[in-house]
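Source file: start03.cif. Holds: mmCIF, C-alpha atoms.
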```cif
data_work
loop_
_atom_site.label_atom_id
_atom_site.label_comp_id
_atom_site.auth_asym_id
_atom_site.auth_seq_id
_atom_site.Cartn_x
_atom_site.Cartn_y
_atom_site.Cartn_z
CA MET M 121 92.45 120.66 73.59
CA SER M 122 91.43 120.58 77.28
CA GLU M 123 93.92 121.70 79.88
CA LEU M 124 95.85 118.91 81.61
CA LYS M 125 96.05 119.33 85.38
CA ILE M 126 98.52 117.36 87.47
CA TYR M 127 98.31 117.34 91.27
CA THR M 128 101.41 116.21 93.15
CA ALA M 129 100.57 115.56 96.77
CA SER M 130 101.84 113.59 99.75
CA ALA M 131 99.82 111.56 102.24
CA GLY M 132 97.21 113.54 104.16
CA SER M 133 97.55 116.66 102.01
CA GLY M 134 93.97 116.62 100.75
CA LYS M 135 94.10 114.69 97.46
CA THR M 136 90.50 113.50 97.80
CA PHE M 137 89.36 117.03 98.57
CA GLN M 138 90.99 118.39 95.41
CA LEU M 139 89.66 115.55 93.26
CA THR M 140 86.16 116.12 94.64
CA ARG M 141 86.42 119.83 93.88
CA HIS M 142 87.56 119.19 90.31
CA TYR M 143 84.77 116.66 89.80
CA LEU M 144 82.16 119.10 91.11
CA ASP M 145 83.57 121.86 88.93
CA LEU M 146 82.99 119.71 85.84
CA LEU M 147 79.51 118.70 87.02
CA PHE M 148 78.32 122.23 87.69
CA LYS M 149 79.48 123.37 84.26
CA GLU M 150 77.27 120.74 82.65
CA PRO M 151 74.89 118.56 84.74
CA ASP M 152 75.20 115.59 82.35
CA ASN M 153 78.99 115.53 82.60
CA TYR M 154 78.80 112.67 85.10
CA LYS M 155 78.18 110.44 82.06
CA LYS M 156 81.40 111.64 80.45
CA ILE M 157 83.76 111.67 83.44
CA LEU M 158 85.93 108.63 84.10
CA ALA M 159 87.36 108.67 87.63
CA VAL M 160 89.63 105.77 88.56
CA THR M 161 91.50 104.96 91.78
CA PHE M 162 93.64 102.10 93.05
CA THR M 163 91.30 100.56 95.62
CA ASN M 164 87.57 100.03 96.18
CA LYS M 165 87.81 101.96 99.44
CA ALA M 166 89.27 105.03 97.72
CA ALA M 167 86.66 104.83 94.95
CA GLY M 168 83.86 104.57 97.49
CA GLU M 169 85.25 107.52 99.46
CA LEU M 170 85.43 109.76 96.37
CA LYS M 171 81.94 108.78 95.24
CA LYS M 172 80.56 109.46 98.73
CA ARG M 173 82.30 112.84 98.91
CA VAL M 174 80.75 113.96 95.61
CA ILE M 175 77.24 112.87 96.65
CA ASP M 176 77.58 114.39 100.13
CA GLU M 177 78.69 117.74 98.68
CA LEU M 178 75.78 117.77 96.24
CA VAL M 179 73.37 117.06 99.10
CA THR M 180 74.90 119.87 101.19
CA ILE M 181 74.91 122.45 98.39
CA SER M 182 71.34 121.61 97.42
CA GLY M 183 70.17 121.85 101.04
CA ASP M 184 69.23 124.69 103.37
CA ASN M 185 72.82 125.55 104.38
CA PRO M 186 74.90 125.33 101.16
CA THR M 187 77.65 127.56 102.56
CA THR M 188 78.67 124.77 104.93
CA SER M 189 80.15 122.99 101.94
CA GLY M 190 83.90 123.48 101.61
CA HIS M 191 83.44 123.84 97.85
CA PHE M 192 80.49 126.24 97.72
CA GLN M 193 82.46 129.49 97.70
CA TYR M 194 84.93 128.13 95.15
CA LEU M 195 82.14 127.10 92.79
CA ALA M 196 80.35 130.43 93.22
CA GLU M 197 83.50 132.36 92.30
CA THR M 198 84.67 130.04 89.53
CA LEU M 199 81.30 129.78 87.82
CA ASN M 200 80.23 133.33 88.73
CA LYS M 201 76.87 132.08 89.94
CA GLU M 202 74.66 133.11 92.85
CA GLY M 203 73.96 130.77 95.72
CA VAL M 204 70.37 130.08 94.68
CA VAL M 205 71.50 129.10 91.18
CA LEU M 206 74.11 126.71 92.60
CA GLN M 207 71.49 125.15 94.90
CA GLN M 208 69.12 124.56 92.01
CA ARG M 209 71.88 123.15 89.84
CA ALA M 210 73.04 120.85 92.65
CA GLN M 211 69.49 119.56 93.03
CA LYS M 212 69.30 118.93 89.29
CA ILE M 213 72.66 117.13 89.18
CA LEU M 214 71.86 115.02 92.23
CA ARG M 215 68.49 113.99 90.84
CA ARG M 216 70.01 112.96 87.50
CA ILE M 217 72.81 110.96 89.11
CA LEU M 218 70.42 109.09 91.42
CA GLN M 219 68.11 108.30 88.51
CA ASP M 220 71.02 107.17 86.33
CA TYR M 221 73.46 105.84 88.93
CA GLY M 222 74.95 103.27 86.58
CA HIS M 223 76.65 106.02 84.59
CA PHE M 224 78.14 107.63 87.70
CA SER M 225 81.53 106.09 86.98
CA ILE M 226 83.97 106.25 89.87
CA GLY M 227 85.80 102.97 90.32
CA THR M 228 89.11 101.16 90.35
CA ILE M 229 91.58 100.77 87.49
CA ASP M 230 90.91 97.04 87.25
CA GLN M 231 87.14 97.65 87.09
CA PHE M 232 87.72 100.03 84.18
CA PHE M 233 89.80 97.52 82.24
CA GLN M 234 87.23 94.81 82.92
CA LYS M 235 84.57 97.02 81.33
CA VAL M 236 86.78 97.61 78.31
CA LEU M 237 87.57 93.89 77.97
CA ARG M 238 83.92 92.92 78.32
CA SER M 239 82.97 95.46 75.64
CA PHE M 240 85.41 93.83 73.21
CA SER M 241 84.86 90.23 74.37
CA LYS M 242 83.77 89.13 70.89
CA GLU M 243 86.82 90.69 69.23
CA VAL M 244 89.26 89.02 71.65
CA GLY M 245 87.45 85.67 71.41
CA ILE M 246 86.03 85.25 74.93
CA HIS M 247 82.48 84.78 76.16
CA SER M 248 80.83 88.00 77.36
CA ALA M 249 79.74 86.27 80.58
CA TYR M 250 83.28 85.29 81.56
CA ASN M 251 84.46 85.37 85.18
CA LEU M 252 87.85 86.64 86.25
CA GLU M 253 89.67 84.59 88.87
CA LEU M 254 92.92 85.76 90.42
CA ASN M 255 95.29 82.90 91.13
CA SER M 256 97.22 84.49 93.97
CA SER M 257 98.88 81.19 94.82
CA VAL M 258 100.68 80.99 91.46
CA PHE M 259 101.78 84.59 91.77
CA LEU M 260 103.10 84.11 95.31
CA ASN M 261 104.89 80.87 94.44
CA GLY M 262 106.72 82.62 91.61
CA SER M 263 107.56 85.59 93.83
CA ILE M 264 108.96 83.34 96.57
CA GLU M 265 111.11 81.47 94.03
CA LEU M 266 112.55 84.79 92.82
CA LEU M 267 113.09 85.85 96.42
CA MET M 268 115.04 82.71 97.23
CA SER M 269 117.13 83.00 94.07
CA ASP M 270 118.29 86.47 95.18
CA LEU M 271 119.67 85.38 98.55
CA ASP M 272 123.27 85.22 97.35
CA GLN M 273 123.10 88.76 95.96
CA ASP M 274 121.11 90.28 98.84
CA PRO M 275 122.81 89.89 102.25
CA GLU M 276 120.15 92.05 103.92
CA LEU M 277 117.44 89.70 102.73
CA LEU M 278 119.44 86.70 103.92
CA ASN M 279 119.85 88.37 107.31
CA TRP M 280 116.08 88.87 107.62
CA LEU M 281 115.38 85.23 106.81
CA VAL M 282 118.01 84.05 109.32
CA LYS M 283 116.36 86.22 111.99
CA TRP M 284 112.99 84.73 111.10
CA VAL M 285 114.33 81.16 111.44
CA ASP M 286 115.96 82.07 114.78
CA TYR M 287 112.63 83.46 115.97
CA LYS M 288 110.81 80.27 115.00
CA ILE M 289 113.38 78.09 116.75
CA SER M 290 113.39 80.20 119.92
CA ASN M 291 109.60 79.80 120.11
CA ASP M 292 109.80 76.02 119.59
CA GLU M 293 108.17 76.35 116.18
CA SER M 294 109.07 74.45 113.04
CA TRP M 295 111.11 76.44 110.55
CA SER M 296 111.20 73.72 107.87
CA ARG M 297 108.15 75.17 106.13
CA LEU M 298 109.67 78.59 105.58
CA GLU M 299 108.09 78.98 102.13
CA ASN M 300 104.62 78.46 103.62
CA ASP M 301 105.33 81.18 106.17
CA LEU M 302 106.42 83.53 103.39
CA LYS M 303 103.29 82.71 101.43
CA THR M 304 101.12 83.50 104.47
CA ILE M 305 102.83 86.88 104.80
CA GLY M 306 102.43 87.41 101.06
CA TYR M 307 98.66 86.94 101.26
CA GLU M 308 98.54 89.71 103.87
CA PHE M 309 100.31 92.08 101.46
CA LEU M 310 97.70 91.33 98.80
CA LYS M 311 94.86 92.49 101.02
CA GLU M 312 93.31 95.78 100.01
CA GLU M 313 93.37 97.13 103.57
CA LEU M 314 97.17 97.01 103.68
CA MET M 315 97.48 98.43 100.16
CA GLU M 316 95.28 101.33 101.23
CA VAL M 317 97.49 102.08 104.23
CA MET M 318 100.60 101.96 102.05
CA ASN M 319 99.06 104.35 99.53
CA ASP M 320 97.83 106.75 102.20
CA GLU M 321 100.95 106.87 104.34
CA GLY M 322 103.56 106.44 101.61
CA GLU M 323 106.11 103.74 100.94
CA ASP M 324 108.92 105.74 102.54
CA LYS M 325 107.35 105.16 105.94
CA TYR M 326 107.82 101.41 105.53
CA ASN M 327 111.53 101.22 104.74
CA GLU M 328 114.02 98.71 106.19
CA GLU M 329 114.98 100.99 109.07
CA SER M 330 111.39 101.58 110.22
CA ILE M 331 110.54 97.88 109.93
CA SER M 332 113.63 96.96 111.96
CA SER M 333 112.67 99.45 114.68
CA PHE M 334 109.13 98.11 114.73
CA ASP M 335 110.46 94.55 114.98
CA SER M 336 112.60 95.53 117.98
CA LEU M 337 109.64 97.21 119.64
CA ILE M 338 107.46 94.12 119.17
CA SER M 339 110.21 91.93 120.65
CA GLU M 340 110.45 94.18 123.72
CA ILE M 341 106.68 94.09 124.23
CA GLU M 342 106.66 90.33 123.80
CA LYS M 343 109.45 89.82 126.36
CA SER M 344 107.81 92.21 128.81
CA PHE M 345 104.51 90.33 128.50
CA GLU M 346 106.21 86.97 128.99
CA ASN M 347 108.03 88.20 132.11
CA GLU M 348 104.83 89.63 133.57
CA LEU M 349 102.99 86.38 132.86
CA LYS M 350 105.81 84.40 134.50
CA ASN M 351 105.59 86.58 137.63
CA ILE M 352 101.84 85.99 137.80
CA ALA M 353 102.41 82.24 137.42
CA ASP M 354 104.98 82.28 140.24
CA ASP M 355 102.58 84.16 142.50
CA THR M 356 99.81 81.70 141.61
CA ALA M 357 102.02 78.72 142.48
CA LYS M 358 102.85 80.28 145.87
CA LEU M 359 99.15 80.82 146.63
CA LEU M 360 98.30 77.23 145.76
CA ASP M 361 101.09 75.98 147.98
CA ARG M 362 100.03 78.29 150.81
CA PHE M 363 96.44 77.00 150.80
CA SER M 364 97.33 73.39 149.89
CA LEU M 365 95.51 73.54 146.56
CA GLU M 366 96.16 71.77 143.27
CA VAL M 367 95.20 72.50 139.67
CA GLY M 368 92.61 69.69 139.82
CA ASP M 369 90.74 71.59 142.56
CA PHE M 370 89.62 74.19 140.03
CA LYS M 371 86.79 73.82 137.52
CA GLY M 372 88.26 72.73 134.20
CA ALA M 373 91.45 71.53 135.87
CA GLY M 374 94.21 71.77 133.28
CA ARG M 375 91.98 73.84 130.98
CA SER M 376 91.30 76.43 133.68
CA PRO M 377 93.21 79.75 133.91
CA VAL M 378 95.21 78.27 136.78
CA GLY M 379 96.11 75.26 134.67
CA PHE M 380 97.17 77.58 131.85
CA LEU M 381 99.44 79.61 134.13
CA LEU M 382 101.12 76.57 135.65
CA ALA M 383 101.48 74.55 132.43
#
```
Give the structure from the file, written as structure tokens.
Amino acid sequence: MSELKIYTASAGSGKTFQLTRHYLDLLFKEPDNYKKILAVTFTNKAAGELKKRVIDELVTISGDNPTTSGHFQYLAETLNKEGVVLQQRAQKILRRILQDYGHFSIGTIDQFFQKVLRSFSKEVGIHSAYNLELNSSVFLNGSIELLMSDLDQDPELLNWLVKWVDYKISNDESWSRLENDLKTIGYEFLKEELMEVMNDEGEDKYNEESISSFDSLISEIEKSFENELKNIADDTAKLLDRFSLEVGDFKGAGRSPVGFLLA
């Protein structure tokens, strides 16, 4: 039985580097291993990064300056091979992967399960040319209903929602469509870019305390900006009065920058 290796690492500790090294180690032991290796990640961005790292390292090792690769010395010692041999093997592996790129399998977990499902489409009774559609709206509606049902048991959550309503009211915005606001925020959390940040930086960084501090900082910046804009508007009004000018004297009138400041 093959040895099971488990890497426990925090954000920024070089997970992709170690995964790339392990992948290369398997490739250099047998050039056709790329057909047998299944590498899965959480996001398309992470999968693309790992795939790019592997290809870039193969290009470097097969080139004129293989020692510039951060994995060259490790491979030479682990495989007990000379530099020339590693260069030739890298060229061979790279050529095979590029000629058979479809079997270079580094992707996301959902892509893997889609391949499995498509392979057994007949057995599970679905057409092999099916399309998968994610109904995020249904998911978010259910999540919001659960969120609202927990208000009595979660005073912190209730406090956050009260703050949000107060914010809407103070900015002369309607708060009656609170669920729509929550759904809009929910769609942002479903975006892969945010998921990638969360995975890279760790969930601990985005706890209630850090979010509260960030919220306070945003409020301070917002108030500072509003005060500065008000001072500019006051100065503008004084200048207009000094030179006997009106908003209508400017091109665009009420739609001009002066009209915006004095609205």
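Proximity of M:Lys165, M:Ser257, M:Ile289, M:Leu381 to Glu346 of chain M, computed with only C-alpha atoms, is greatest for M:Leu381.
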Non-local contacts of segment 191-196 of chain M (10 Å; only C-alpha atoms; under 3 positions in same chain excluded) as a ChimeraX atom specification: /M:137-138,140-142,144-145,148-149,177-178,180-181,186-188,199-203,205-207
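Atom pair atom CA of Val174 of chain M / atom CA of Ala159 of chain M: separated by 11.6 Å.
Considering all atoms listed in the file, the residue among M:Gln219, M:Ser263, M:Trp284, M:Gln234 positioned nearest to Ala249 of chain M is M:Gln234.
With atom CA of Ile217 of chain M on one side and atom CA of Val179 of chain M on the other, the separation reads 11.7 Å.
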Contacts of Glu299 of chain M at 10 Å (all atoms listed in the file; same-chain gap of 5+ positions) as a ChimeraX atom specification: /M:260-261,264-265,268,304-305
Complete segment 148-159 of chain M with all heavy atoms (output as an mmCIF file, keeping the file's coordinate frame).
```cif
data_model
loop_
_atom_site.group_PDB
_atom_site.id
_atom_site.type_symbol
_atom_site.label_atom_id
_atom_site.label_comp_id
_atom_site.auth_asym_id
_atom_site.auth_seq_id
_atom_site.Cartn_x
_atom_site.Cartn_y
_atom_site.Cartn_z
ATOM 1 N N PHE M 148 79.107 120.991 87.648
ATOM 2 C CA PHE M 148 78.320 122.230 87.690
ATOM 3 C C PHE M 148 78.399 123.007 86.377
ATOM 4 O O PHE M 148 77.548 123.842 86.106
ATOM 5 C CB PHE M 148 78.763 123.102 88.857
ATOM 6 C CG PHE M 148 78.108 122.736 90.157
ATOM 7 C CD1 PHE M 148 78.605 121.711 90.939
ATOM 8 C CD2 PHE M 148 76.974 123.405 90.602
ATOM 9 C CE1 PHE M 148 78.011 121.355 92.129
ATOM 10 C CE2 PHE M 148 76.367 123.068 91.794
ATOM 11 C CZ PHE M 148 76.879 122.034 92.564
ATOM 12 N N LYS M 149 79.395 122.730 85.576
ATOM 13 C CA LYS M 149 79.480 123.370 84.260
ATOM 14 C C LYS M 149 78.485 122.743 83.294
ATOM 15 O O LYS M 149 77.966 123.419 82.410
ATOM 16 C CB LYS M 149 80.902 123.253 83.715
ATOM 17 C CG LYS M 149 81.897 124.151 84.423
ATOM 18 C CD LYS M 149 83.309 123.958 83.894
ATOM 19 C CE LYS M 149 84.278 124.902 84.608
ATOM 20 N NZ LYS M 149 85.678 124.677 84.183
ATOM 21 N N GLU M 150 78.235 121.448 83.481
ATOM 22 C CA GLU M 150 77.270 120.740 82.650
ATOM 23 C C GLU M 150 76.729 119.548 83.442
ATOM 24 O O GLU M 150 77.459 118.581 83.689
ATOM 25 C CB GLU M 150 77.921 120.262 81.352
ATOM 26 C CG GLU M 150 77.048 119.377 80.488
ATOM 27 C CD GLU M 150 75.668 119.987 80.217
ATOM 28 O OE1 GLU M 150 75.616 121.114 79.700
ATOM 29 O OE2 GLU M 150 74.672 119.326 80.558
ATOM 30 N N PRO M 151 75.466 119.587 83.865
ATOM 31 C CA PRO M 151 74.890 118.560 84.740
ATOM 32 C C PRO M 151 75.042 117.125 84.222
ATOM 33 O O PRO M 151 75.103 116.188 85.011
ATOM 34 C CB PRO M 151 73.415 118.957 84.813
ATOM 35 C CG PRO M 151 73.430 120.441 84.619
ATOM 36 C CD PRO M 151 74.524 120.693 83.615
ATOM 37 N N ASP M 152 75.088 116.938 82.903
ATOM 38 C CA ASP M 152 75.200 115.590 82.350
ATOM 39 C C ASP M 152 76.644 115.124 82.215
ATOM 40 O O ASP M 152 76.898 114.043 81.664
ATOM 41 C CB ASP M 152 74.526 115.524 80.971
ATOM 42 C CG ASP M 152 73.004 115.473 81.083
ATOM 43 O OD1 ASP M 152 72.510 114.999 82.125
ATOM 44 O OD2 ASP M 152 72.322 115.910 80.137
ATOM 45 N N ASN M 153 77.576 115.900 82.726
ATOM 46 C CA ASN M 153 78.990 115.530 82.600
ATOM 47 C C ASN M 153 79.339 114.268 83.373
ATOM 48 O O ASN M 153 80.366 113.634 83.097
ATOM 49 C CB ASN M 153 79.887 116.679 83.071
ATOM 50 C CG ASN M 153 80.247 117.625 81.935
ATOM 51 O OD1 ASN M 153 80.047 117.308 80.762
ATOM 52 N ND2 ASN M 153 80.764 118.786 82.274
ATOM 53 N N TYR M 154 78.502 113.882 84.348
ATOM 54 C CA TYR M 154 78.800 112.670 85.100
ATOM 55 C C TYR M 154 78.839 111.446 84.182
ATOM 56 O O TYR M 154 79.478 110.442 84.490
ATOM 57 C CB TYR M 154 77.774 112.453 86.213
ATOM 58 C CG TYR M 154 76.385 112.063 85.732
ATOM 59 C CD1 TYR M 154 76.037 110.715 85.609
ATOM 60 C CD2 TYR M 154 75.445 113.027 85.401
ATOM 61 C CE1 TYR M 154 74.774 110.342 85.172
ATOM 62 C CE2 TYR M 154 74.187 112.671 84.963
ATOM 63 C CZ TYR M 154 73.856 111.340 84.838
ATOM 64 O OH TYR M 154 72.609 110.970 84.389
ATOM 65 N N LYS M 155 78.166 111.532 83.026
ATOM 66 C CA LYS M 155 78.180 110.440 82.060
ATOM 67 C C LYS M 155 79.494 110.399 81.269
ATOM 68 O O LYS M 155 79.823 109.387 80.662
ATOM 69 C CB LYS M 155 77.020 110.569 81.081
ATOM 70 C CG LYS M 155 75.642 110.515 81.709
ATOM 71 C CD LYS M 155 74.572 110.683 80.646
ATOM 72 C CE LYS M 155 73.170 110.665 81.244
ATOM 73 N NZ LYS M 155 72.128 110.831 80.199
ATOM 74 N N LYS M 156 80.203 111.520 81.280
ATOM 75 C CA LYS M 156 81.400 111.640 80.450
ATOM 76 C C LYS M 156 82.696 111.600 81.257
ATOM 77 O O LYS M 156 83.779 111.544 80.679
ATOM 78 C CB LYS M 156 81.356 112.968 79.677
ATOM 79 C CG LYS M 156 80.066 113.174 78.882
ATOM 80 C CD LYS M 156 80.006 114.586 78.306
ATOM 81 C CE LYS M 156 78.675 114.832 77.629
ATOM 82 N NZ LYS M 156 78.573 116.235 77.127
ATOM 83 N N ILE M 157 82.577 111.638 82.580
ATOM 84 C CA ILE M 157 83.760 111.670 83.440
ATOM 85 C C ILE M 157 84.142 110.247 83.841
ATOM 86 O O ILE M 157 83.300 109.474 84.308
ATOM 87 C CB ILE M 157 83.510 112.496 84.704
ATOM 88 C CG1 ILE M 157 83.120 113.927 84.343
ATOM 89 C CG2 ILE M 157 84.759 112.506 85.594
ATOM 90 C CD1 ILE M 157 82.691 114.761 85.548
ATOM 91 N N LEU M 158 85.407 109.923 83.645
ATOM 92 C CA LEU M 158 85.930 108.630 84.100
ATOM 93 C C LEU M 158 86.894 108.901 85.251
ATOM 94 O O LEU M 158 87.960 109.476 85.056
ATOM 95 C CB LEU M 158 86.654 107.902 82.970
ATOM 96 C CG LEU M 158 87.384 106.612 83.364
ATOM 97 C CD1 LEU M 158 86.382 105.560 83.847
ATOM 98 C CD2 LEU M 158 88.214 106.076 82.206
ATOM 99 N N ALA M 159 86.508 108.493 86.448
ATOM 100 C CA ALA M 159 87.360 108.670 87.630
ATOM 101 C C ALA M 159 87.811 107.298 88.104
ATOM 102 O O ALA M 159 86.978 106.435 88.397
ATOM 103 C CB ALA M 159 86.595 109.398 88.736
#
```
